[in-house]
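S.K.: Provided herewith: input18.cif, mmCIF, C-alpha atoms.
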data_target
#
loop_
_atom_site.label_atom_id
_atom_site.label_comp_id
_atom_site.auth_asym_id
_atom_site.auth_seq_id
_atom_site.Cartn_x
_atom_site.Cartn_y
_atom_site.Cartn_z
CA MET W 12 -20.99 15.97 -58.24
CA PHE W 13 -22.34 18.01 -55.34
CA VAL W 14 -25.89 18.20 -56.75
CA ASP W 15 -28.33 16.54 -54.30
CA PHE W 16 -25.34 15.99 -52.03
CA ALA W 17 -27.51 15.90 -48.92
CA LYS W 18 -29.81 13.18 -50.27
CA ASN W 19 -27.22 10.97 -51.88
CA PRO W 20 -23.72 11.56 -50.49
CA SER W 21 -21.01 9.46 -52.08
CA PHE W 22 -17.64 8.60 -50.61
CA ALA W 23 -15.98 9.86 -53.81
CA ALA W 24 -17.70 13.24 -53.51
CA LEU W 25 -16.66 13.52 -49.87
CA SER W 26 -13.07 12.66 -50.73
CA LEU W 27 -13.06 15.38 -53.39
CA LEU W 28 -14.59 17.84 -50.94
CA LYS W 29 -11.95 16.98 -48.36
CA ALA W 30 -9.24 17.78 -50.91
CA ILE W 31 -10.95 21.10 -51.73
CA VAL W 32 -11.20 22.04 -48.06
CA HIS W 33 -7.59 21.03 -47.55
CA ARG W 34 -6.60 23.55 -50.25
CA LYS W 35 -8.73 26.17 -48.45
CA LEU W 36 -10.68 27.13 -51.54
CA VAL W 37 -12.79 30.13 -50.57
CA VAL W 38 -16.08 30.31 -52.45
CA PRO W 39 -19.54 31.06 -51.01
CA GLU W 40 -20.82 27.58 -51.85
CA ILE W 41 -18.25 25.88 -49.63
CA TYR W 42 -19.90 27.22 -46.47
CA ASP W 43 -23.30 25.81 -47.47
CA ILE W 44 -21.81 22.44 -48.39
CA VAL W 45 -19.95 22.20 -45.09
CA GLN W 46 -23.22 22.77 -43.25
CA ILE W 47 -24.65 19.78 -45.14
CA VAL W 48 -21.55 17.80 -44.20
CA ALA W 49 -22.12 18.62 -40.53
CA GLU W 50 -25.68 17.31 -40.76
CA LEU W 51 -24.54 14.15 -42.55
CA MET W 52 -21.99 13.58 -39.81
CA VAL W 53 -24.79 12.96 -37.31
CA GLN W 54 -27.56 11.67 -39.58
CA SER W 55 -25.88 9.20 -41.93
CA GLN W 56 -26.37 5.52 -41.19
CA LEU W 57 -22.98 4.67 -42.73
CA GLU W 58 -19.93 4.80 -40.49
CA PRO W 59 -17.44 5.61 -43.33
CA ILE W 60 -19.61 8.57 -44.38
CA ARG W 61 -19.87 9.87 -40.81
CA LYS W 62 -16.12 9.51 -40.31
CA LYS W 63 -15.26 11.28 -43.55
CA CYS W 64 -17.70 14.09 -42.73
CA SER W 65 -16.15 14.58 -39.30
CA GLN W 66 -12.71 14.86 -40.90
CA ILE W 67 -13.95 17.45 -43.38
CA LEU W 68 -15.72 19.49 -40.72
CA LEU W 69 -12.70 19.51 -38.42
CA GLN W 70 -10.42 20.51 -41.29
CA PHE W 71 -12.83 23.29 -42.21
CA LEU W 72 -13.14 24.67 -38.68
CA LEU W 73 -9.38 24.68 -38.19
CA GLY W 74 -8.36 25.89 -41.64
CA TYR W 75 -10.92 28.50 -42.67
CA HIS W 76 -11.30 32.01 -41.36
CA LEU W 77 -14.77 32.15 -39.82
CA SER W 78 -16.64 35.02 -38.28
CA GLU W 79 -17.38 34.68 -34.59
CA LYS W 80 -21.08 34.26 -35.38
CA ARG W 81 -20.55 31.50 -37.95
CA LEU W 82 -18.09 29.65 -35.72
CA GLN W 83 -20.56 29.82 -32.83
CA GLN W 84 -23.29 28.40 -35.07
CA HIS W 85 -21.12 25.40 -35.88
CA LEU W 86 -20.20 24.89 -32.22
CA ASP W 87 -23.84 25.16 -31.13
CA PHE W 88 -24.79 22.56 -33.73
CA LEU W 89 -22.09 20.18 -32.51
CA LEU W 90 -23.03 20.64 -28.86
CA ALA W 91 -26.73 20.11 -29.55
CA ASN W 92 -26.06 16.87 -31.39
CA LEU W 93 -23.58 15.73 -28.77
CA ARG W 94 -26.29 16.09 -26.14
CA CYS W 95 -28.65 14.12 -28.37
CA ALA W 96 -26.05 11.37 -28.80
CA ILE W 97 -25.46 11.22 -25.04
CA THR W 98 -29.19 10.97 -24.35
CA THR W 99 -29.59 8.22 -26.94
CA MET W 100 -26.68 6.28 -25.46
CA PHE W 101 -28.10 6.69 -21.97
CA VAL W 102 -31.54 5.41 -22.96
CA HIS W 103 -30.03 2.38 -24.73
CA LEU W 104 -27.98 1.56 -21.64
CA VAL W 105 -31.01 1.85 -19.37
CA VAL W 106 -32.98 -0.51 -21.62
CA SER W 107 -30.15 -3.03 -21.34
CA LEU W 108 -29.97 -2.54 -17.58
CA ALA W 109 -33.69 -3.21 -17.26
CA ASN W 110 -34.09 -6.11 -19.67
CA ASP W 111 -30.89 -8.12 -20.04
CA ASP W 112 -31.07 -11.56 -18.44
CA ASP W 113 -27.32 -11.82 -17.87
CA SER W 114 -26.36 -10.42 -14.46
CA LYS W 115 -22.80 -9.78 -15.65
CA VAL W 116 -24.09 -7.70 -18.56
CA ARG W 117 -26.35 -5.74 -16.21
CA SER W 118 -23.42 -5.11 -13.89
CA MET W 119 -21.25 -3.88 -16.76
CA THR W 120 -24.11 -1.73 -18.05
CA ALA W 121 -24.52 -0.12 -14.64
CA ALA W 122 -20.78 0.61 -14.60
CA ALA W 123 -21.06 2.17 -18.06
CA ILE W 124 -23.99 4.36 -16.97
CA LYS W 125 -22.09 5.49 -13.88
CA CYS W 126 -19.06 6.32 -16.04
CA LEU W 127 -21.28 8.28 -18.43
CA ILE W 128 -22.92 10.17 -15.56
CA GLY W 129 -19.54 11.04 -14.10
CA ASN W 130 -18.13 12.45 -17.33
CA VAL W 131 -20.92 14.42 -18.99
CA ASN W 132 -21.32 18.17 -18.69
CA THR W 133 -23.80 19.85 -16.36
CA HIS W 134 -26.50 20.19 -19.02
CA SER W 135 -26.39 16.50 -19.97
CA LEU W 136 -26.27 15.44 -16.32
CA HIS W 137 -29.40 17.48 -15.69
CA SER W 138 -31.14 15.77 -18.62
CA ILE W 139 -30.20 12.31 -17.34
CA LEU W 140 -31.39 13.22 -13.86
CA GLU W 141 -34.72 14.57 -15.11
CA TYR W 142 -35.31 11.49 -17.26
CA SER W 143 -34.63 9.23 -14.30
CA LEU W 144 -36.81 11.23 -11.94
CA SER W 145 -39.68 11.32 -14.42
CA TRP W 146 -39.52 7.52 -14.77
CA TYR W 147 -39.45 6.95 -11.02
CA LEU W 148 -42.08 9.53 -10.18
CA GLY W 149 -44.36 8.58 -13.06
CA GLY W 150 -47.25 6.16 -13.00
CA ASN W 151 -45.67 3.48 -15.20
CA HIS W 152 -44.46 0.88 -12.69
CA ASN W 153 -42.56 -0.94 -15.45
CA LEU W 154 -40.02 1.90 -15.33
CA TRP W 155 -39.62 2.08 -11.55
CA SER W 156 -36.97 -0.60 -11.09
CA ALA W 157 -34.69 0.72 -13.85
CA ALA W 158 -35.20 4.28 -12.64
CA ALA W 159 -34.33 3.29 -9.06
CA GLN W 160 -31.09 1.71 -10.28
CA VAL W 161 -30.09 4.81 -12.25
CA LEU W 162 -31.03 7.12 -9.39
CA GLY W 163 -28.79 5.04 -7.14
CA LEU W 164 -25.92 5.59 -9.57
CA LEU W 165 -26.71 9.30 -9.65
CA VAL W 166 -26.55 9.41 -5.85
CA GLU W 167 -23.10 7.78 -5.96
CA VAL W 168 -21.83 10.33 -8.48
CA MET W 169 -23.62 13.49 -7.33
CA ARG W 170 -23.25 12.74 -3.62
CA LYS W 171 -24.41 15.69 -1.49
CA SER W 172 -25.69 17.64 -4.48
CA PHE W 173 -28.48 15.07 -4.84
CA GLU W 174 -29.99 16.29 -1.57
CA LYS W 175 -32.34 18.81 -3.19
CA HIS W 176 -34.13 15.94 -4.96
CA LEU W 177 -34.85 13.94 -1.80
CA SER W 178 -38.22 15.58 -1.25
CA ARG W 179 -39.37 14.24 -4.61
CA VAL W 180 -37.83 10.79 -4.41
CA LEU W 181 -38.50 9.70 -0.83
CA PRO W 182 -42.33 9.79 -0.89
CA VAL W 183 -42.40 7.66 -4.04
CA LEU W 184 -39.84 5.26 -2.62
CA ARG W 185 -41.93 4.91 0.52
CA ASN W 186 -45.10 4.25 -1.50
CA ILE W 187 -43.37 1.56 -3.56
CA LEU W 188 -42.18 -0.22 -0.42
CA GLN W 189 -45.66 0.02 1.10
CA SER W 190 -47.17 -1.42 -2.09
CA ALA W 191 -44.73 -4.32 -1.93
CA LEU W 192 -45.62 -4.91 1.71
CA SER W 193 -49.31 -4.90 0.82
CA ALA W 194 -48.59 -7.42 -1.92
CA VAL W 195 -46.87 -9.71 0.58
CA THR W 196 -49.86 -9.43 2.89
CA SER W 197 -52.12 -10.30 -0.03
CA ILE W 198 -50.07 -13.42 -0.69
CA GLN W 199 -50.35 -14.55 2.87
CA GLN W 200 -54.11 -14.13 2.73
CA ASN W 201 -54.79 -15.47 -0.75
CA SER W 202 -51.93 -17.94 -1.28
CA SER W 203 -51.11 -16.27 -4.60
CA ASP W 204 -47.69 -15.06 -5.66
CA GLU W 205 -48.81 -12.94 -8.61
CA ALA W 206 -48.88 -9.69 -6.62
CA VAL W 207 -45.36 -10.08 -5.26
CA ALA W 208 -44.03 -11.13 -8.65
CA SER W 209 -45.20 -7.81 -10.03
CA PHE W 210 -43.51 -5.74 -7.32
CA TRP W 211 -40.36 -7.49 -6.19
CA LYS W 212 -38.01 -5.70 -8.61
CA GLU W 213 -39.41 -2.28 -7.81
CA ALA W 214 -39.14 -2.96 -4.08
CA TYR W 215 -35.68 -4.51 -4.24
CA TYR W 216 -34.08 -1.74 -6.29
CA SER W 217 -35.88 0.90 -4.24
CA LEU W 218 -34.33 -0.64 -1.13
CA VAL W 219 -30.91 -0.52 -2.81
CA LEU W 220 -31.56 3.13 -3.64
CA LEU W 221 -32.59 3.78 -0.04
CA GLU W 222 -29.39 2.17 1.21
CA LYS W 223 -27.32 4.49 -0.99
CA LEU W 224 -29.32 7.49 0.20
CA LEU W 225 -28.80 6.51 3.85
CA CYS W 226 -25.06 6.13 3.27
CA GLN W 227 -24.92 9.61 1.81
CA PHE W 228 -27.48 11.38 4.00
CA HIS W 229 -27.19 10.09 7.56
CA ASN W 230 -29.97 12.34 8.80
CA LEU W 231 -32.46 10.09 7.00
CA PHE W 232 -31.94 7.50 9.74
CA PHE W 233 -34.03 9.78 11.94
CA ASP W 234 -36.69 10.53 9.33
CA ARG W 235 -40.10 9.53 10.63
CA GLU W 236 -41.18 8.67 7.10
CA PHE W 237 -39.15 5.47 7.42
CA GLU W 238 -39.93 4.46 10.97
#
Mind turning the file's structure into structure tokens?

M.R.:
Amino acid sequence: MFVDFAKNPSFAALSLLKAIVHRKLVVPEIYDIVQIVAELMVQSQLEPIRKKCSQILLQFLLGYHLSEKRLQQHLDFLLANLRCAITTMFVHLVVSLANDDDSKVRSMTAAAIKCLIGNVNTHSLHSILEYSLSWYLGGNHNLWSAAAQVLGLLVEVMRKSFEKHLSRVLPVLRNILQSALSAVTSIQQNSSDEAVASFWKEAYYSLVLLEKLLCQFHNLFFDREFE
């Protein structure tokens, strides 16, 4: 029944395996099968399979005597995939924040992102921060507005600890606002609204970000960059 278990897992096979693990049967093969179960727990597209696998893995970790090395391997695997799941969730939320037409949905999405930021570990927070900075500092202006929104949420959560990133964020923020101002000037001269239409979101959310930065870092009021 456990032949090609990784390629074609069945609920019946998992139920049998759960019963075997519950009885704490100690054979060399069980350790290899449990490793496959751990991988299925994060890779399977079927919720019942993932749930059953998580039950088996938890039962195994709690019920079997494991060497420190083997236990650490399982924990490292779980942590690595947890970080992956957090990153995936974050990216999906940012896509919704950037593209959803419903303002209420965007507001709820922003609240969800802020909640996520406030509850992840240091490693995951660093990943979220680096993603957001790379989007805002990069050359793809389609990402600037979403990145500015997320950076604003990061400022709210990180507070003073965001200060070390100001030197990277402020020059880009200033350039975006200058570009928007140039677009407005272009409109006045050419009677065309295409330029402003392409920059209003970036400028607006950058201004919101600037407001949050000023609330947190009062010394920026005296920064000549924004005179």

S.K.: State, in Å with one decimal place, the distance from atom CA of W:Arg117 to atom CA of W:Leu104.

M.R.: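 Taking atom CA of W:Arg117 and atom CA of W:Leu104, their separation equals 9.2 Å.
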
S.K.: Could you spell out the hits of the PyMOL selection byres ((chain W and resi 142-147) around 8) on the shown file, as a list in words?

M.R.: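 Applied to this file, the PyMOL selection byres ((chain W and resi 142-147) around 8) returns Ser138, Ile139, Leu140, Glu141, Leu148, Gly149, Asn151, Leu154, Trp155, Ser156, Ala158, Ala159, Val161, Leu162, Val180 and Val183 of chain W.
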
S.K.: Got time to write the residues from that selection, C-alpha atoms, as a short mmCIF file (atom, residue, chain, number, x, y, z; two decimals), in the frame of the given file?

M.R.:
data_model
loop_
_atom_site.label_atom_id
_atom_site.label_comp_id
_atom_site.auth_asym_id
_atom_site.auth_seq_id
_atom_site.Cartn_x
_atom_site.Cartn_y
_atom_site.Cartn_z
CA SER W 138 -31.14 15.77 -18.62
CA ILE W 139 -30.20 12.31 -17.34
CA LEU W 140 -31.39 13.22 -13.86
CA GLU W 141 -34.72 14.57 -15.11
CA LEU W 148 -42.08 9.53 -10.18
CA GLY W 149 -44.36 8.58 -13.06
CA ASN W 151 -45.67 3.48 -15.20
CA LEU W 154 -40.02 1.90 -15.33
CA TRP W 155 -39.62 2.08 -11.55
CA SER W 156 -36.97 -0.60 -11.09
CA ALA W 158 -35.20 4.28 -12.64
CA ALA W 159 -34.33 3.29 -9.06
CA VAL W 161 -30.09 4.81 -12.25
CA LEU W 162 -31.03 7.12 -9.39
CA VAL W 180 -37.83 10.79 -4.41
CA VAL W 183 -42.40 7.66 -4.04
#

S.K.: Work out how far atom CA of W:Asp43 is from atom CA of W:Leu77, in Å to one decimal.

M.R.: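 Result for atom CA of W:Leu77 versus atom CA of W:Asp43: 13.1 Å, one decimal.
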
S.K.: In Å, rounded to a single decimal, give me how far atom CA of W:Ala121 is from atom CA of W:Phe101.

M.R.: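 Spanning atom CA of W:Phe101 to atom CA of W:Ala121 is a straight-line distance of 10.6 Å.
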
S.K.: Please identify all polymer residues within 12 Å of W:Leu69, counting only C-alpha atoms, omitting same-chain residues fewer than 6 positions from it, and present them as a ChimeraX atom specification.

M.R.: /W:29,32-33,45,48-49,52,62-63,75,82,85-86,89

S.K.: Counting all atoms listed in the file, which of W:Ala194, W:Met169, W:Ala157, W:Leu127 gets nearest to W:Ser217?

M.R.: W:Ala157

S.K.: Give me, as a list in words, all polymer residues having an atom no more than 10 Å from W:Cys64, counting only C-alpha atoms and skipping those fewer than 3 positions away in the same chain.

M.R.: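 Skipping anything fewer than 3 positions along the chain leaves Phe22, Leu25, Ser26, Leu28, Lys29, Val45, Ile47, Val48, Ala49, Glu50, Leu51, Met52, Val53, Ser55, Glu58, Pro59, Ile60, Arg61, Ile67, Leu68, Leu69 and Gln70 of chain W.
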
S.K.: So, with only C-alpha atoms as the atoms that count, which of W:Cys226, W:Ala24, W:Leu220, W:Ile31 lies closest to W:Leu181?

M.R.: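 Checking each of W:Cys226, W:Ala24, W:Leu220, W:Ile31 against W:Leu181, counting only C-alpha atoms, the winner is W:Leu220.
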